[in-house]
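K.L.:
What follows is a single structure, and I will ask about it in a moment.
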Amino acid sequence: MSNITYLEAIREAQAHALRDDPRVFIYGQDVGAFGGAFKATKNLAKEFPGRVMDSPISEDAMVGMAVGAAIEGMRPIIEMQFADFSTVGFNQIVNQAATLFWRTNVSCPITVRLPFGGTSGGGPFHSQCLEAIYAHYPGLIVLTPATVEDAYSMLLEAVAIDDPVVFCEHKFLYYHLKADKLPSEALPIGKARIAREGRDLTIVTYSAMVHEALAAAVELSADGWEVEIVDLRSIKPLDTDTVMASVARTGKLLCVGEAWPWGGVTAEIIARVSCEGYGLLDAAPQRLNAKDTPVPYHPNLWAAHRPTARSIAAAARNLLNQ
Amino acid sequence: MFQTAPEISLGEAVSDSHLAAYRFMLRARLLDDKFAALYRAGKIHGGVFLGRGQEALSASLGLALNKTDVFAPLIRDAAGRLAFGESILDAVRTYMGSSLGPMRGRDGNVHRGRPKDGYLPMISHLGAMISVVNGILIARRFKKITGTVGAACLGDGATSTGAFHEAMNQAAVEKLPLVMVVADNQYAYSTPTASQFACADLADKGIGYGIATHSVDATDLTACLKIVGGAVTQARNGGGPQLIIAKLLRLCGHGEHDDAHYIVPELKNSTLGRDCLKVAEETILRQNWVDAAQLAVWRSNIIQEIEEAVAQVQREPAPDPFTEEWRAIASEHLSETHNA
Ligand SMILES: Cc1ncc(C[n+]2csc(CCOP(=O)(O)OP(=O)(O)O)c2C)c(N)n1
Ligand SMILES: [Mg+2]
């Protein structure tokens with residue numbers, strides 16, 4: 001297989017899981033014969049009859065059903081049509097799925113797929129980044145793959161592990177990102193990746209922002225700055241060690257997230273580095289997030305709402321010149 | 001421990017099933033009374049929620065279920081829990097927070113169960129357990145396990161939740177063997193049904209979901225055994241989801257902290273306000289199935305059992321925060337905890 005997209009990797013991972021494990025099934029709106037709103041389950045209903053089920057528009061009952069099925073030994077994958085609608089199923093995710101193991105010692109191996117993040121024209125209700133609110137709750141694993149390879153291997157691992165996983169797959173990466181082939185081995189969940197090495201500044205980010213940060217790093221290298229980029233891969237657990245080791249090398253930290261700033265992932269990283277690695281820092285750590293408003297519809301507004309390669313490069317320059 | 005019912009079995013004869021149910025009702029009532037007393041004595045952390053007046057309905061359901069069925073009881077289902085197989089010890093340990101109980105002091109009071117035994121521990125969020133039952137039933141369909149049913153319990157107030165609607169509709173679309181028991185006890189905390197729904201009768205909701213619906217006078221054990229038992233059988237035999245609307249009155253406060261001053265006298269004095277336990281007892285004596293002396297023996301035996309359980313649990317270790325494993329996920333290798 002060559003030129004496989006991020007979206008196809010997600011489809012392939014699900015096909016792989018369905019093929020390998022009879023406990024796996026998929027449940028979501030339009031995922032059956034139609035193949036899903038983004039075609040992430042294309043042909044799977046045909047390949048695996050009865051195991052790719054259309055659900056009513058009932059996010060609460062979709063997740064509740066998955067928890068019950070998991071108790072009975074299945075490994076359900078729930079597709080939210082858009083991450084934004086997962087808030088209707090929020091209660092079942094954070095109060096039912098996330099508490100089951102701790103309360104009862106019975107594990108809850110469900111995977112909730114969240115097509116998330118901004119795309120041009122998405123607007124306030126088809127663009128949200130919700131990783132921070134899910135990470136806030138004990139009992140959940142929250143993943144944010146940034147590459148085709150990670151989309152594939154991390155989804156497979158998400159289905160295999162014994163905990164509820166919120167799998168945040170970025171819609172902007174669905175078609176833009178391509179790889180030559182799918183990986184046969186991968187970094188495990190919980191380990192961050194150095195996406196680019198550098199000595200002058202650490203940018204910690206995840207998901208689509210990894211690519212904006214990489215573009216910013218190319219721009220900065222023209223001026224002689226070498227920026228290190230840490231792709232978190234998993235938001236929870238958070239690989240603080242890799243972040244800290246990078247900051248130890250560079251002395252400077254910029255955190256970038258497409259999500260809203262308040263109480264988010266960038267805040268968490270800065271808190272950890274400030275508390276545990278204060279002595280490593282040569283300058284106050286900085287962060288760059290989306291603006292604290294709903295996500296705008298028009299491309300002009302949207303481009304200014306979230307971090308981009310340009311705004312990341314500008315923020316990095318500020319810090320580098322200190 | 002999860003156990004089978006002590007020497008009580010549901011026989012063929014009306015008298016057998018009536019007596020079996022009555023004895024679970026009595027166990028539940030006396031257990032509830034004990035929890036209320038412990039609460040007043042300051043021996044229980046948090047609230048106490050009783051099922052007074054709801055025992056006939058709840059016991060009928062617990063008895064109609066097999067041990068391989070699925071049961072998601074709610075706050076007023078002590079009788080159903082016992083009839084389904086919960087031990088008095090599990091209940092006492094959970095209320096008292098014993099580390100030896102099924103919830104190990106991590107959750108308490110009515111939030112107890114053993115998921116692997118098909119006995120689901122409710123979360124507080126009303127309506128949330130129904131779709132979980134649906135999920136177990138769908139999983140069983142995948143596993144080609146037939147002949148089991150899942151029962152979920154709810155109050156009149158909780159029928160107003162989106163979770164109830166979503167789960168009922170889901171069960172209907174998937175034609176699941178779900179038995180949804182709604183105890184319409186006239187109040188949700190202090191809110192009367194008139195502020196809760198505007199349909200003439202909650203049973204009307206079943207029409208919208210396209211499922212079989214049954215109504216029952218839940219002060220009458222004989223009626224409960226017949227209607228609830230019948231609905232469970234129908235679900236078991238492929239009849240799809242069943243909705244039971246049971247009419248009764250809550251004969252206590254919402255919890256033991258609540259004096260329920262808002263319950264109007266007209267309701268208390270109506271037939272809805274009858275105590276199902278007294279009604280069942282009168283039937284037993286009138287029919288001469290057993291005599292008053294036998295009832296007294298049952299009562300004192302149960303009280304002794306409860307007292308022994310409480311005494312035992314009071315000697316048991318409380319959870320220890322220093323040896324507690326503060327880990328919320330099953331995957332030990334991913335369990336970073338961050339306390340900085
Ligand atoms: C979703 C949700 N909202 C609010 C509450 C708080 N609450 C607990 S019990 C209760 C009343 C429930 O009334 P009803 O469903 O009629 O059951 P009953 O107590 O009468 O048995 C309320 C409001 C809750 N547990 N869950
Ligand atoms: Mg009520």
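Lettering and numbering for the structure tokens are positional, with chains as A, B, ... in the shown order, residues counted from 1 in each chain, and ligands counted from 1 in the shown order.
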Using DSSP secondary structure from the backbone, list all strand (DSSP E or B) positions within stretch 159-205 of chain B, as a ChimeraX atom specification.
P.N.:
/B:178-184,187-188,191-192
K.L.:
Store the residues picked out above in a file with N, CA, C and O atoms, as an mmCIF file, in the first residue's frame.
P.N.:
```
data_model
loop_
_atom_site.group_PDB
_atom_site.id
_atom_site.type_symbol
_atom_site.label_atom_id
_atom_site.label_comp_id
_atom_site.auth_asym_id
_atom_site.auth_seq_id
_atom_site.Cartn_x
_atom_site.Cartn_y
_atom_site.Cartn_z
ATOM 1 N N LEU B 178 -35.115 -6.007 27.173
ATOM 2 C CA LEU B 178 -34.979 -5.082 28.302
ATOM 3 C C LEU B 178 -36.326 -4.948 29.012
ATOM 4 O O LEU B 178 -37.352 -4.737 28.373
ATOM 5 N N VAL B 179 -36.306 -5.060 30.313
ATOM 6 C CA VAL B 179 -37.508 -4.792 31.104
ATOM 7 C C VAL B 179 -37.248 -3.515 31.895
ATOM 8 O O VAL B 179 -36.388 -3.476 32.778
ATOM 9 N N MET B 180 -37.963 -2.467 31.519
ATOM 10 C CA MET B 180 -37.760 -1.157 32.156
ATOM 11 C C MET B 180 -38.865 -0.956 33.177
ATOM 12 O O MET B 180 -40.039 -0.873 32.829
ATOM 13 N N VAL B 181 -38.487 -0.905 34.436
ATOM 14 C CA VAL B 181 -39.474 -0.766 35.499
ATOM 15 C C VAL B 181 -39.453 0.657 36.047
ATOM 16 O O VAL B 181 -38.454 1.090 36.622
ATOM 17 N N VAL B 182 -40.528 1.369 35.850
ATOM 18 C CA VAL B 182 -40.627 2.740 36.343
ATOM 19 C C VAL B 182 -41.536 2.767 37.565
ATOM 20 O O VAL B 182 -42.715 2.413 37.479
ATOM 21 N N ALA B 183 -40.967 3.152 38.679
ATOM 22 C CA ALA B 183 -41.762 3.286 39.897
ATOM 23 C C ALA B 183 -42.300 4.716 39.957
ATOM 24 O O ALA B 183 -41.574 5.647 40.304
ATOM 25 N N ASP B 184 -43.537 4.856 39.581
ATOM 26 C CA ASP B 184 -44.173 6.177 39.590
ATOM 27 C C ASP B 184 -44.708 6.413 40.998
ATOM 28 O O ASP B 184 -45.864 6.128 41.310
ATOM 29 N N TYR B 187 -43.575 11.443 43.337
ATOM 30 C CA TYR B 187 -42.651 12.544 43.606
ATOM 31 C C TYR B 187 -41.255 12.191 43.115
ATOM 32 O O TYR B 187 -40.848 11.027 43.159
ATOM 33 N N ALA B 188 -40.567 13.223 42.672
ATOM 34 C CA ALA B 188 -39.127 13.124 42.457
ATOM 35 C C ALA B 188 -38.532 14.121 43.446
ATOM 36 O O ALA B 188 -38.662 15.321 43.252
ATOM 37 N N THR B 191 -40.617 17.162 43.918
ATOM 38 C CA THR B 191 -41.362 17.597 42.734
ATOM 39 C C THR B 191 -42.479 16.620 42.379
ATOM 40 O O THR B 191 -42.210 15.444 42.118
ATOM 41 N N PRO B 192 -43.727 17.101 42.368
ATOM 42 C CA PRO B 192 -44.827 16.206 42.014
ATOM 43 C C PRO B 192 -44.836 15.912 40.504
ATOM 44 O O PRO B 192 -44.243 16.654 39.722
#
```
K.L.:
Could you please extract the residues within 9 Å of ligand 1, counting only C-alpha atoms and all ligand atoms, and hand them back as a ChimeraX atom specification?
P.N.:
/B:49-51,54,74-76,123-128,154-163,182-193,196,249-250,253-255
K.L.:
With a distance cut-off of 8 Å and only C-alpha atoms, select the neighbouring residues of stretch 56-71 of chain A, excluding the residue or stretch itself and same-chain residues fewer than 3 positions from it, and output the selection as an mmCIF file with C-alpha atoms, in the first residue's frame.
P.N.:
```
data_model
loop_
_atom_site.group_PDB
_atom_site.id
_atom_site.type_symbol
_atom_site.label_atom_id
_atom_site.label_comp_id
_atom_site.auth_asym_id
_atom_site.auth_seq_id
_atom_site.Cartn_x
_atom_site.Cartn_y
_atom_site.Cartn_z
ATOM 1 C CA TYR A 27 -21.156 1.508 16.727
ATOM 2 C CA GLY A 28 -21.924 5.005 15.531
ATOM 3 C CA GLN A 29 -24.095 7.176 13.355
ATOM 4 C CA MET A 74 -16.529 -7.000 24.177
ATOM 5 C CA ARG A 75 -14.180 -4.268 22.862
ATOM 6 C CA PRO A 76 -16.481 -1.689 21.287
ATOM 7 C CA ILE A 77 -15.296 1.199 19.157
ATOM 8 C CA ILE A 78 -17.694 4.150 19.234
ATOM 9 C CA MET A 80 -18.718 10.145 17.349
ATOM 10 C CA PHE A 85 -21.249 15.930 19.739
ATOM 11 C CA SER A 86 -19.437 13.801 22.280
ATOM 12 C CA VAL A 88 -24.024 14.809 24.602
ATOM 13 C CA GLY A 89 -22.429 11.537 25.680
ATOM 14 C CA PHE A 90 -20.104 13.280 28.122
ATOM 15 C CA ASN A 91 -21.794 11.892 31.211
ATOM 16 C CA GLN A 92 -21.395 8.298 30.116
ATOM 17 C CA ILE A 93 -17.744 8.850 29.210
ATOM 18 C CA GLN A 96 -19.776 5.743 33.719
ATOM 19 C CA ALA A 97 -16.796 4.543 31.672
ATOM 20 C CA VAL A 106 -13.922 -4.373 36.405
ATOM 21 C CA SER A 107 -12.098 -2.812 33.469
ATOM 22 C CA CYS A 108 -13.821 -0.861 30.731
ATOM 23 C CA PRO A 109 -12.056 -1.384 27.400
ATOM 24 C CA ILE A 110 -13.940 0.961 25.108
ATOM 25 C CA VAL A 112 -14.407 6.469 21.675
ATOM 26 C CA PRO B 115 -20.857 -6.127 37.320
ATOM 27 C CA LYS B 116 -19.458 -9.543 36.450
ATOM 28 C CA ALA B 128 -27.527 6.370 32.828
ATOM 29 C CA MET B 129 -27.725 2.672 33.669
ATOM 30 C CA ILE B 130 -30.346 1.696 31.099
ATOM 31 C CA SER B 131 -28.097 1.887 28.053
ATOM 32 C CA VAL B 132 -25.448 -0.034 29.985
ATOM 33 C CA VAL B 133 -27.963 -2.860 30.362
ATOM 34 C CA ASN B 134 -28.643 -2.546 26.636
ATOM 35 C CA GLY B 135 -24.925 -2.960 26.007
ATOM 36 C CA ILE B 136 -24.735 -6.187 27.984
ATOM 37 C CA LEU B 137 -27.730 -7.499 26.064
ATOM 38 C CA ILE B 138 -26.171 -6.553 22.727
ATOM 39 C CA ALA B 139 -22.923 -8.228 23.769
ATOM 40 C CA ALA B 163 -30.634 9.273 28.962
ATOM 41 C CA GLU B 166 -32.110 7.565 24.324
ATOM 42 C CA ALA B 167 -31.862 4.189 26.010
ATOM 43 C CA GLN B 170 -32.103 2.228 21.551
#
```
K.L.:
Could you work out how far atom CA of A:Ala15 lies from atom CA of A:Glu47, giving the answer in Å with one decimal?
P.N.:
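It comes out at 8.4 Å.
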K.L.:
Mind checking which residues fall within 8 Å of stretch 231-244 of chain A, counting only C-alpha atoms, ignoring those fewer than 3 positions away in the same chain, and posting them as a compact mmCIF listing (two decimals) with C-alpha atoms, in the first residue's frame?
P.N.:
```txt
# COMPACT_ATOMS: atom_id res chain seq x y z
CA GLU A 131 -8.86 16.65 24.83
CA ALA A 135 -8.01 14.42 30.34
CA LEU A 140 -9.54 7.95 30.87
CA ILE A 141 -6.70 7.60 28.38
CA VAL A 142 -6.62 10.51 25.90
CA LEU A 143 -4.70 10.13 22.64
CA THR A 144 -3.89 12.68 19.93
CA PRO A 145 -1.95 11.09 17.06
CA ALA A 146 -0.20 13.53 14.72
CA ASP A 150 0.52 6.94 14.94
CA ILE A 189 1.10 4.89 24.21
CA GLY A 190 2.41 7.17 26.91
CA LYS A 191 5.68 8.01 25.15
CA ALA A 192 6.23 11.33 23.43
CA ARG A 193 8.26 11.62 20.25
CA ILE A 194 10.91 14.11 19.25
CA ALA A 195 9.51 15.24 15.91
CA VAL A 204 5.74 20.97 23.00
CA THR A 205 2.62 20.27 20.99
CA TYR A 206 0.40 17.53 19.60
CA SER A 207 -1.91 16.55 16.77
CA VAL A 210 2.86 19.39 15.26
CA VAL A 247 13.77 21.55 28.17
CA ALA A 248 16.98 20.54 29.92
CA VAL A 265 -2.95 20.89 28.00
CA ILE A 269 2.71 21.25 30.71
CA ARG A 272 4.73 20.67 35.39
CA VAL A 273 7.84 22.17 33.89
CA GLY A 277 12.02 21.90 36.16
CA LEU B 334 0.01 3.77 31.89
CA SER B 335 -0.89 4.92 35.34
CA GLU B 336 1.10 8.11 35.67
```
K.L.:
Using only C-alpha atoms, which protein or nucleic acid residues come within 8 Å of B:Val149? Drop anything in the same chain fewer than 6 positions from it, and give the result as a CSV table (one decimal) with all heavy atoms, in the first residue's frame.
P.N.:
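Saved to part.csv:
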```csv
chain,number,residue,atom,x,y,z
B,65,LEU,N,-36.3,-12.5,37.9
B,65,LEU,CA,-35.0,-12.6,37.2
B,65,LEU,C,-34.3,-13.9,37.6
B,65,LEU,O,-34.3,-14.3,38.7
B,65,LEU,CB,-34.1,-11.4,37.5
B,65,LEU,CG,-34.7,-10.0,37.1
B,65,LEU,CD1,-33.8,-8.9,37.6
B,65,LEU,CD2,-34.9,-10.0,35.6
B,69,ASP,N,-29.4,-13.4,34.5
B,69,ASP,CA,-30.0,-12.2,33.9
B,69,ASP,C,-29.1,-10.9,34.4
B,69,ASP,O,-28.2,-11.1,35.1
B,69,ASP,CB,-31.4,-12.0,34.3
B,69,ASP,CG,-32.3,-13.0,33.6
B,69,ASP,OD1,-32.0,-13.4,32.5
B,69,ASP,OD2,-33.4,-13.3,34.2
B,70,VAL,N,-29.5,-9.8,33.9
B,70,VAL,CA,-28.8,-8.5,34.2
B,70,VAL,C,-29.8,-7.7,35.0
B,70,VAL,O,-31.0,-7.6,34.7
B,70,VAL,CB,-28.4,-7.8,32.9
B,70,VAL,CG1,-27.7,-6.5,33.3
B,70,VAL,CG2,-27.5,-8.7,32.1
B,137,LEU,N,-26.8,-6.7,26.9
B,137,LEU,CA,-27.7,-7.5,26.1
B,137,LEU,C,-27.2,-7.6,24.6
B,137,LEU,O,-27.3,-8.7,24.0
B,137,LEU,CB,-29.2,-6.9,26.1
B,137,LEU,CG,-29.8,-6.9,27.5
B,137,LEU,CD1,-31.1,-6.2,27.5
B,137,LEU,CD2,-29.9,-8.4,28.1
B,177,PRO,N,-34.1,-7.6,24.9
B,177,PRO,CA,-34.9,-8.1,26.0
B,177,PRO,C,-34.8,-7.3,27.3
B,177,PRO,O,-34.3,-7.8,28.3
B,177,PRO,CB,-34.4,-9.5,26.2
B,177,PRO,CG,-33.0,-9.5,25.7
B,177,PRO,CD,-33.0,-8.5,24.6
B,178,LEU,N,-35.1,-6.0,27.2
B,178,LEU,CA,-35.0,-5.1,28.3
B,178,LEU,C,-36.3,-4.9,29.0
B,178,LEU,O,-37.4,-4.7,28.4
B,178,LEU,CB,-34.5,-3.7,27.8
B,178,LEU,CG,-34.5,-2.6,28.9
B,178,LEU,CD1,-33.3,-2.7,29.8
B,178,LEU,CD2,-34.6,-1.2,28.2
B,179,VAL,N,-36.3,-5.1,30.3
B,179,VAL,CA,-37.5,-4.8,31.1
B,179,VAL,C,-37.2,-3.5,31.9
B,179,VAL,O,-36.4,-3.5,32.8
B,179,VAL,CB,-37.8,-6.0,32.1
B,179,VAL,CG1,-39.1,-5.6,32.9
B,179,VAL,CG2,-38.0,-7.3,31.3
B,232,VAL,N,-41.4,-10.0,32.2
B,232,VAL,CA,-40.0,-10.6,32.2
B,232,VAL,C,-40.1,-11.8,31.2
B,232,VAL,O,-39.2,-12.0,30.4
B,232,VAL,CB,-39.5,-11.0,33.6
B,232,VAL,CG1,-38.3,-11.9,33.5
B,232,VAL,CG2,-39.2,-9.7,34.4
B,235,ALA,N,-40.3,-10.7,27.6
B,235,ALA,CA,-39.0,-10.2,27.1
B,235,ALA,C,-38.1,-11.5,26.9
B,235,ALA,O,-37.4,-11.6,25.9
B,235,ALA,CB,-38.3,-9.3,28.1
B,236,ARG,N,-38.1,-12.4,27.8
B,236,ARG,CA,-37.3,-13.6,27.7
B,236,ARG,C,-37.7,-14.4,26.4
B,236,ARG,O,-36.8,-15.0,25.8
B,236,ARG,CB,-37.5,-14.5,28.9
B,236,ARG,CG,-36.3,-15.4,29.2
B,236,ARG,CD,-36.5,-16.3,30.4
B,236,ARG,NE,-36.6,-15.6,31.7
B,236,ARG,CZ,-35.6,-15.0,32.3
B,236,ARG,NH1,-34.4,-14.9,31.7
B,236,ARG,NH2,-35.7,-14.4,33.5
```
K.L.:
Excluding A:Glu197 and its own-chain neighbours fewer than 6 positions away, which residues fall within 7 Å of it when counting only C-alpha atoms? Please give them as a ChimeraX atom specification.
P.N.:
/A:227-229
K.L.:
For the selection just defined, write its residues with N, CA, C and O atoms to a file, as a compact mmCIF listing (two decimals), in the first residue's frame.
P.N.:
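Result written to part-v6.txt:
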```
# COMPACT_ATOMS: atom_id res chain seq x y z
N VAL A 227 15.10 24.59 16.50
CA VAL A 227 13.98 24.38 17.43
C VAL A 227 13.71 22.88 17.57
O VAL A 227 13.66 22.16 16.58
N GLU A 228 13.56 22.44 18.80
CA GLU A 228 13.21 21.03 19.05
C GLU A 228 11.69 20.93 19.21
O GLU A 228 11.08 21.75 19.90
N ILE A 229 11.10 19.93 18.58
CA ILE A 229 9.65 19.78 18.67
C ILE A 229 9.30 18.45 19.31
O ILE A 229 9.72 17.39 18.84
```
K.L.:
Nearest to chain B: which of A:Gln14, A:Ser153, A:Thr202, A:Ser274 is it, counting only C-alpha atoms?
P.N.:
A:Ser274
K.L.:
Show which residues sit within 8 Å of stretch 15-26 of chain B, as a short mmCIF file (atom, residue, chain, number, x, y, z; two decimals) with all heavy atoms, in the first residue's frame. Count only C-alpha atoms, and ignore same-chain residues fewer than 5 positions away.
P.N.:
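Result went into out.cif, see below:
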```
data_model
loop_
_atom_site.label_atom_id
_atom_site.label_comp_id
_atom_site.auth_asym_id
_atom_site.auth_seq_id
_atom_site.Cartn_x
_atom_site.Cartn_y
_atom_site.Cartn_z
N ILE B 8 -35.17 -19.72 49.98
CA ILE B 8 -36.44 -19.19 49.48
C ILE B 8 -36.48 -19.45 47.99
O ILE B 8 -35.60 -19.00 47.26
CB ILE B 8 -36.55 -17.68 49.73
CG1 ILE B 8 -36.37 -17.36 51.21
CG2 ILE B 8 -37.89 -17.16 49.23
CD1 ILE B 8 -36.31 -15.88 51.51
N SER B 9 -37.45 -20.18 47.54
CA SER B 9 -37.52 -20.41 46.10
C SER B 9 -38.92 -20.09 45.62
O SER B 9 -39.89 -20.12 46.38
CB SER B 9 -37.16 -21.85 45.77
OG SER B 9 -38.15 -22.70 46.31
N LEU B 10 -38.98 -19.74 44.35
CA LEU B 10 -40.25 -19.33 43.79
C LEU B 10 -40.97 -20.57 43.28
O LEU B 10 -40.62 -21.13 42.25
CB LEU B 10 -40.00 -18.33 42.65
CG LEU B 10 -41.20 -17.69 42.01
CD1 LEU B 10 -42.05 -16.96 43.04
CD2 LEU B 10 -40.75 -16.73 40.94
N GLU B 55 -41.39 -2.16 48.03
CA GLU B 55 -40.84 -3.51 48.15
C GLU B 55 -41.57 -4.54 47.29
O GLU B 55 -40.95 -5.47 46.77
CB GLU B 55 -40.85 -3.98 49.62
CG GLU B 55 -39.91 -3.21 50.54
CD GLU B 55 -40.58 -2.03 51.24
OE1 GLU B 55 -41.64 -1.57 50.75
OE2 GLU B 55 -40.06 -1.59 52.28
N ALA B 56 -42.90 -4.40 47.14
CA ALA B 56 -43.64 -5.41 46.38
C ALA B 56 -43.18 -5.42 44.92
O ALA B 56 -42.91 -6.48 44.33
CB ALA B 56 -45.15 -5.14 46.46
N ALA B 59 -39.29 -6.58 44.84
CA ALA B 59 -39.10 -8.01 45.09
C ALA B 59 -39.65 -8.83 43.93
O ALA B 59 -39.05 -9.85 43.54
CB ALA B 59 -39.80 -8.41 46.39
N SER B 60 -40.78 -8.41 43.36
CA SER B 60 -41.36 -9.15 42.23
C SER B 60 -40.39 -9.20 41.07
O SER B 60 -40.25 -10.23 40.39
CB SER B 60 -42.66 -8.50 41.76
OG SER B 60 -43.60 -8.48 42.81
N LEU B 63 -37.31 -11.47 41.91
CA LEU B 63 -37.68 -12.88 41.86
C LEU B 63 -37.91 -13.37 40.44
O LEU B 63 -37.69 -14.54 40.13
CB LEU B 63 -38.93 -13.13 42.69
CG LEU B 63 -38.71 -13.32 44.19
CD1 LEU B 63 -40.04 -13.45 44.91
CD2 LEU B 63 -37.85 -14.55 44.45
N ALA B 79 -35.27 -4.56 48.11
CA ALA B 79 -35.96 -5.86 48.01
C ALA B 79 -35.55 -6.62 46.75
O ALA B 79 -35.26 -7.82 46.79
CB ALA B 79 -37.48 -5.65 48.03
N GLY B 80 -35.49 -5.91 45.64
CA GLY B 80 -35.10 -6.55 44.38
C GLY B 80 -33.67 -7.04 44.42
O GLY B 80 -33.33 -8.10 43.91
N LEU B 82 -31.96 -8.01 47.06
CA LEU B 82 -31.89 -9.22 47.88
C LEU B 82 -32.45 -10.41 47.11
O LEU B 82 -31.89 -11.50 47.13
CB LEU B 82 -32.65 -9.01 49.19
CG LEU B 82 -32.04 -7.99 50.16
CD1 LEU B 82 -33.03 -7.63 51.28
CD2 LEU B 82 -30.73 -8.52 50.76
N ALA B 83 -33.57 -10.18 46.43
CA ALA B 83 -34.20 -11.28 45.69
C ALA B 83 -33.33 -11.73 44.53
O ALA B 83 -33.32 -12.90 44.15
CB ALA B 83 -35.58 -10.85 45.19
N LEU B 221 -48.99 -6.81 45.98
CA LEU B 221 -47.96 -7.79 45.63
C LEU B 221 -48.46 -8.78 44.58
O LEU B 221 -47.73 -9.13 43.65
CB LEU B 221 -47.48 -8.53 46.89
CG LEU B 221 -46.51 -9.68 46.65
CD1 LEU B 221 -45.23 -9.21 45.94
CD2 LEU B 221 -46.14 -10.36 47.98
N THR B 222 -49.69 -9.25 44.74
CA THR B 222 -50.22 -10.24 43.81
C THR B 222 -50.20 -9.69 42.38
O THR B 222 -49.78 -10.38 41.44
CB THR B 222 -51.67 -10.63 44.19
OG1 THR B 222 -51.67 -10.93 45.59
CG2 THR B 222 -52.16 -11.83 43.42
N LEU B 225 -46.50 -9.46 41.12
CA LEU B 225 -45.93 -10.75 40.71
C LEU B 225 -46.43 -11.13 39.32
O LEU B 225 -45.67 -11.62 38.48
CB LEU B 225 -46.31 -11.83 41.73
CG LEU B 225 -45.55 -11.76 43.06
CD1 LEU B 225 -46.23 -12.64 44.12
CD2 LEU B 225 -44.09 -12.18 42.88
N LEU B 277 -46.31 -3.78 52.13
CA LEU B 277 -45.92 -4.86 53.04
C LEU B 277 -47.12 -5.29 53.89
O LEU B 277 -47.36 -6.49 54.08
CB LEU B 277 -44.77 -4.40 53.94
CG LEU B 277 -44.09 -5.49 54.76
CD1 LEU B 277 -43.30 -6.45 53.88
CD2 LEU B 277 -43.16 -4.89 55.82
N ALA B 280 -49.60 -7.17 51.69
CA ALA B 280 -49.14 -8.54 51.43
C ALA B 280 -49.37 -9.42 52.66
O ALA B 280 -49.77 -10.58 52.56
CB ALA B 280 -47.67 -8.53 51.04
N GLU B 281 -49.10 -8.83 53.82
CA GLU B 281 -49.25 -9.57 55.07
C GLU B 281 -50.71 -9.93 55.31
O GLU B 281 -51.03 -11.06 55.70
CB GLU B 281 -48.74 -8.67 56.20
CG GLU B 281 -48.19 -9.37 57.39
CD GLU B 281 -47.38 -8.37 58.22
OE1 GLU B 281 -46.21 -8.11 57.88
OE2 GLU B 281 -47.95 -7.83 59.20
N ILE B 284 -51.70 -12.80 53.20
CA ILE B 284 -51.16 -14.07 53.72
C ILE B 284 -52.03 -14.60 54.86
O ILE B 284 -52.40 -15.77 54.90
CB ILE B 284 -49.70 -13.87 54.21
CG1 ILE B 284 -48.78 -13.63 53.01
CG2 ILE B 284 -49.23 -15.07 55.02
CD1 ILE B 284 -47.39 -13.15 53.38
N TRP B 289 -52.09 -18.76 54.55
CA TRP B 289 -50.93 -19.45 54.00
C TRP B 289 -49.93 -19.77 55.11
O TRP B 289 -49.30 -20.81 55.11
CB TRP B 289 -50.27 -18.61 52.90
CG TRP B 289 -51.11 -18.59 51.65
CD1 TRP B 289 -51.94 -19.57 51.20
CD2 TRP B 289 -51.20 -17.52 50.69
NE1 TRP B 289 -52.54 -19.20 50.01
CE2 TRP B 289 -52.09 -17.94 49.68
CE3 TRP B 289 -50.61 -16.26 50.58
CZ2 TRP B 289 -52.41 -17.15 48.58
CZ3 TRP B 289 -50.91 -15.48 49.49
CH2 TRP B 289 -51.82 -15.92 48.50
N TRP B 298 -40.21 -15.28 61.28
CA TRP B 298 -39.43 -14.77 60.14
C TRP B 298 -38.82 -13.42 60.49
O TRP B 298 -37.64 -13.18 60.26
CB TRP B 298 -40.32 -14.63 58.90
CG TRP B 298 -40.65 -15.95 58.25
CD1 TRP B 298 -40.05 -17.14 58.49
CD2 TRP B 298 -41.66 -16.18 57.27
NE1 TRP B 298 -40.62 -18.12 57.71
CE2 TRP B 298 -41.61 -17.56 56.94
CE3 TRP B 298 -42.61 -15.39 56.63
CZ2 TRP B 298 -42.46 -18.15 56.01
CZ3 TRP B 298 -43.44 -15.96 55.69
CH2 TRP B 298 -43.38 -17.33 55.38
N ARG B 299 -39.66 -12.57 61.03
CA ARG B 299 -39.20 -11.21 61.35
C ARG B 299 -38.01 -11.25 62.32
O ARG B 299 -36.99 -10.62 62.09
CB ARG B 299 -40.37 -10.42 61.96
CG ARG B 299 -40.01 -9.02 62.44
CD ARG B 299 -41.24 -8.30 62.96
NE ARG B 299 -42.13 -7.88 61.88
CZ ARG B 299 -42.12 -6.66 61.34
NH1 ARG B 299 -41.30 -5.74 61.80
NH2 ARG B 299 -42.94 -6.36 60.36
#
```
K.L.:
Can you list, as JSON, numbers by chain, every residue of stretch 18-175 of chain A that DSSP puts in alpha helix (DSSP H)?
P.N.:
{"A": [18, 19, 20, 44, 45, 46, 47, 59, 60, 61, 62, 63, 64, 65, 66, 67, 68, 69, 70, 71, 90, 91, 98, 99, 100, 101, 102, 103, 104, 131, 132, 133, 134, 135, 136, 148, 149, 150, 151, 152, 153, 154, 155, 156, 157, 158, 159, 160, 173, 174, 175]}
